[in-house]
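*Asks:* Could you have a look at this structure, given as structure tokens, before my questions?
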Amino acid sequence: MDALINKRIKEVLKGDQNAFAEIVELFQDKLYRVCYRMLGNKHEAEDIAQEAFVRAFINIHTFDTNRKFSTWLYRIGTNLCIDRIRKKKPDYFLDAEVAGAEGLNMYSQIASPDELPEEEVLKMEMQDRVQYEISRLPDKYRAVIVLKYMEDLPLQEISDILEMPLGTVKTRIHRGREALRKQLSNM
Amino acid sequence: MNMCPDHIVHYMHEYLDGDISREHEQELKTHLESCSSCQQQMHELGKVTAFVQSASHISAPSGFAEGVIARLPKETSRVGMKRWFHGHPILTAAALFMILMSASLFASFNDDQQFSFTKQPNIVVEGEKVIVPAGETVKGDIVVKNGDIQIDGEVDGNVTIINGTLMASTANVTGNIEEINQVFDWLWYKMKAGAKEVASFLDGKEEK
């Protein structure tokens with residue numbers, strides 16, 4: 001798999017766009033899925049995932065072929081998603097990082113702007129409900145939870161993708177799980 | 001709400017991450033057996049995991065890859081050239097050198113449209129024509145640019161005519177006669193002149 005990717009990357013470096021189309025075919029589902037889970041909107045997910053591939057193409061000469069291509073691609077994608085989320089909700093989570101606090105506390109005090117009434121939530125289809133609960137998570141927990149549980153990625157790879165220490169990834173997964181547990185306590 | 005030690009919750013997460021140590025797992029199990037609220041929390045956390053994992057695996061919409069390709073910057077001139085330059089630095093430098101050099105040569109060929117010649121004593125100039133009068137001997141080379149030369153006397157050296165003609169004459173020249181009328185001749189002449197200069201420079205050095 002890696003050998004094939006690296007071969008394709010070499011062809012792309014020589015200016016072969018068709019080789020890049022093959023790379024897109026190989027990774028499009030993964031990247032689109034992550035974007036969709038992060039953003040909760042199909043059009044936005046398609047837009048951002050495509051943008052991520054375009055950036056990967058433009059910057060392909062900076063990719064180190066000794067590393068894993070998917071990690072690099074996920075990093076571009078998650079960064080774009082996080083940027084997009086932050087633009088939509090300007091300073092919403094800025095205060096969330098209170099020193100020493102659980103991190104959840106601030107979040108749980110502020111109602112999400114797209115929070116639905118409980119009876120609406122209970123009527124939801126299971127799949128919509130999953131997406132809804134994910135979208136209520138603060139973006140920094142959302143990224144780790146999506147990568148860990150929806151993409152089944154090892155913690156070390158998540159740490160590489162998000163460029164943060166393994167310890168931080170673990171902490172965020174723990175807090176993300178706690179946040180979800182509180183959100184789901186009425187199930 | 002619960003009075004259980006904080007590290008128990010931490011162990012629960014370690015357990016869920018799958019990297020709990022044997023001792024921690026043992027401690028967690030013992031605690032859960034005795035504490036119903038922690039048991040409840042553990043159960044809920046497990047449900048969270050299952051809940052999130054139940055999300056169906058969606059695929060990219062059809063036409064996704066085509067959309068990406070359509071959004072790629074045009075591969076043609078700019079990016080392609082840039083990439084090529086990156087890949088072939090020496091060729092790039094050589095090409096750049098050639099472009100600049102030929103530009104300056106062409107420029108000097110076209111700019112030098114004025115009549116000029118090597119100033120030698122005992123030559124006569126009539127309009128754009130240099131005459132070596134009969135009976136005279138010019139010692140040294142003569143270069144005539146954009147003009148003609150008529151040699152009735154003798155020249156003890158080379159005669160070079162650029163953009164001009166050697167008027168039919170007895171032409172008593174000890175050296176070579178060269179007529180240069182085209183750009184490529186001009187280039188060749190420039191190159192030879194350069195080489196000669198280098199050679200004479202080296203000779204001069206050796207003589208010293």
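A note on labels: chains of the structure tokens are A, B, ... as shown, every chain counts residues from 1, and ligands are counted from 1 in their shown order.
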Quick one: residues within 9 Å of segment 17-23 of chain B, only C-alpha atoms, excluding same-chain residues fewer than 4 positions away - as a compact mmCIF listing (two decimals) with C-alpha atoms, in the first residue's frame?
*Replies:*
# COMPACT_ATOMS: atom_id res chain seq x y z
CA LEU A 155 -3.66 6.94 19.63
CA LYS A 170 -5.54 10.80 25.82
CA ILE A 173 -10.40 11.50 24.53
CA HIS A 174 -11.18 11.10 28.22
CA TYR B 11 -8.44 4.04 35.40
CA MET B 12 -11.80 3.68 33.68
CA HIS B 13 -10.47 5.71 30.76
CA GLU B 27 -7.83 -1.99 41.60
CA LEU B 28 -10.56 -0.80 39.25
*Asks:* Between chain A and chain B, at 7 Å or less, what are the per-residue closest atom pairs and their distances in Å? Count only C-alpha atoms, order by chain and rising residue number, and return it as JSON lines.
*Replies:*
{"residue": "A:Gly15", "atom": "CA", "partner": "B:Gly80", "partner_atom": "CA", "distance": 6.4}
{"residue": "A:Ala21", "atom": "CA", "partner": "B:Ala65", "partner_atom": "CA", "distance": 6.5}
{"residue": "A:Val24", "atom": "CA", "partner": "B:Ala65", "partner_atom": "CA", "distance": 5.9}
{"residue": "A:Glu25", "atom": "CA", "partner": "B:Ala65", "partner_atom": "CA", "distance": 6.3}
{"residue": "A:Gln28", "atom": "CA", "partner": "B:Ala60", "partner_atom": "CA", "distance": 6.1}
{"residue": "A:Asp29", "atom": "CA", "partner": "B:Ser59", "partner_atom": "CA", "distance": 4.8}
{"residue": "A:Tyr32", "atom": "CA", "partner": "B:Ala60", "partner_atom": "CA", "distance": 5.5}
{"residue": "A:Arg33", "atom": "CA", "partner": "B:Ile58", "partner_atom": "CA", "distance": 6.2}
{"residue": "A:Gln50", "atom": "CA", "partner": "B:Val68", "partner_atom": "CA", "distance": 5.3}
{"residue": "A:Phe53", "atom": "CA", "partner": "B:Val68", "partner_atom": "CA", "distance": 6.7}
{"residue": "A:Val54", "atom": "CA", "partner": "B:Leu72", "partner_atom": "CA", "distance": 5.7}
{"residue": "A:Gln127", "atom": "CA", "partner": "B:Ala55", "partner_atom": "CA", "distance": 6.0}
{"residue": "A:Val130", "atom": "CA", "partner": "B:Val52", "partner_atom": "CA", "distance": 6.2}
{"residue": "A:Tyr149", "atom": "CA", "partner": "B:Gln53", "partner_atom": "CA", "distance": 5.6}
{"residue": "A:Met150", "atom": "CA", "partner": "B:Gln53", "partner_atom": "CA", "distance": 5.9}
{"residue": "A:His174", "atom": "CA", "partner": "B:His13", "partner_atom": "CA", "distance": 6.0}
{"residue": "A:Arg177", "atom": "CA", "partner": "B:Leu45", "partner_atom": "CA", "distance": 6.7}
{"residue": "A:Leu180", "atom": "CA", "partner": "B:Val48", "partner_atom": "CA", "distance": 6.5}
{"residue": "A:Arg181", "atom": "CA", "partner": "B:Val48", "partner_atom": "CA", "distance": 6.0}
*Asks:* I'd like to know which residues of segment 13-131 of chain B are helix (DSSP H, G or I) (by DSSP, run on the backbone); could you write them as a PyMOL selection string?
*Replies:* chain B and resi 13-17+22-34+36-53+64-71+75-87+89-111
*Asks:* So that I can see what lies close to Glu151 of chain A, please list as a PyMOL selection string the residues with an atom at most 9 Å from it, counting only C-alpha atoms and leaving out residues fewer than 3 positions away in the same chain.
*Replies:* chain A and resi 30+33-34+146-148
*Asks:* Give the answer as one residue: which of A:Lys87, A:Arg142, A:Arg75, A:Lys68 has the shortest atom-to-atom distance to Leu4 of chain A, using only C-alpha atoms?
*Replies:*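 Smallest separation from Leu4 of chain A among the options: A:Lys68.
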*Asks:* Identify, on the basis of only C-alpha atoms, every residue whose closest approach to Leu31 of chain A does not exceed 8 Å; exclude the query and any residue fewer than 3 positions from it along the same chain; express the result as a list of chain:residue names.
*Replies:*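 Non-adjacent residues within range: A:Phe27, A:Gln28, A:Val34, A:Cys35, A:Ala49, A:Leu73, A:Tyr74, A:Gly77.
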*Asks:* Report, in Å to a single decimal, how far apart atom CA of Ile90 of chain B and atom CA of Leu13 of chain A are.
*Replies:*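 Pair atom CA of Leu13 of chain A / atom CA of Ile90 of chain B returns 18.5 Å.
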*Asks:* I'd like to know which of A:Ser159, A:Gln131, A:Asn41, A:Thr168 is closest to Trp72 of chain A, using only C-alpha atoms.
*Replies:*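 Checking each of A:Ser159, A:Gln131, A:Asn41, A:Thr168 against Trp72 of chain A, counting only C-alpha atoms, the winner is A:Ser159.
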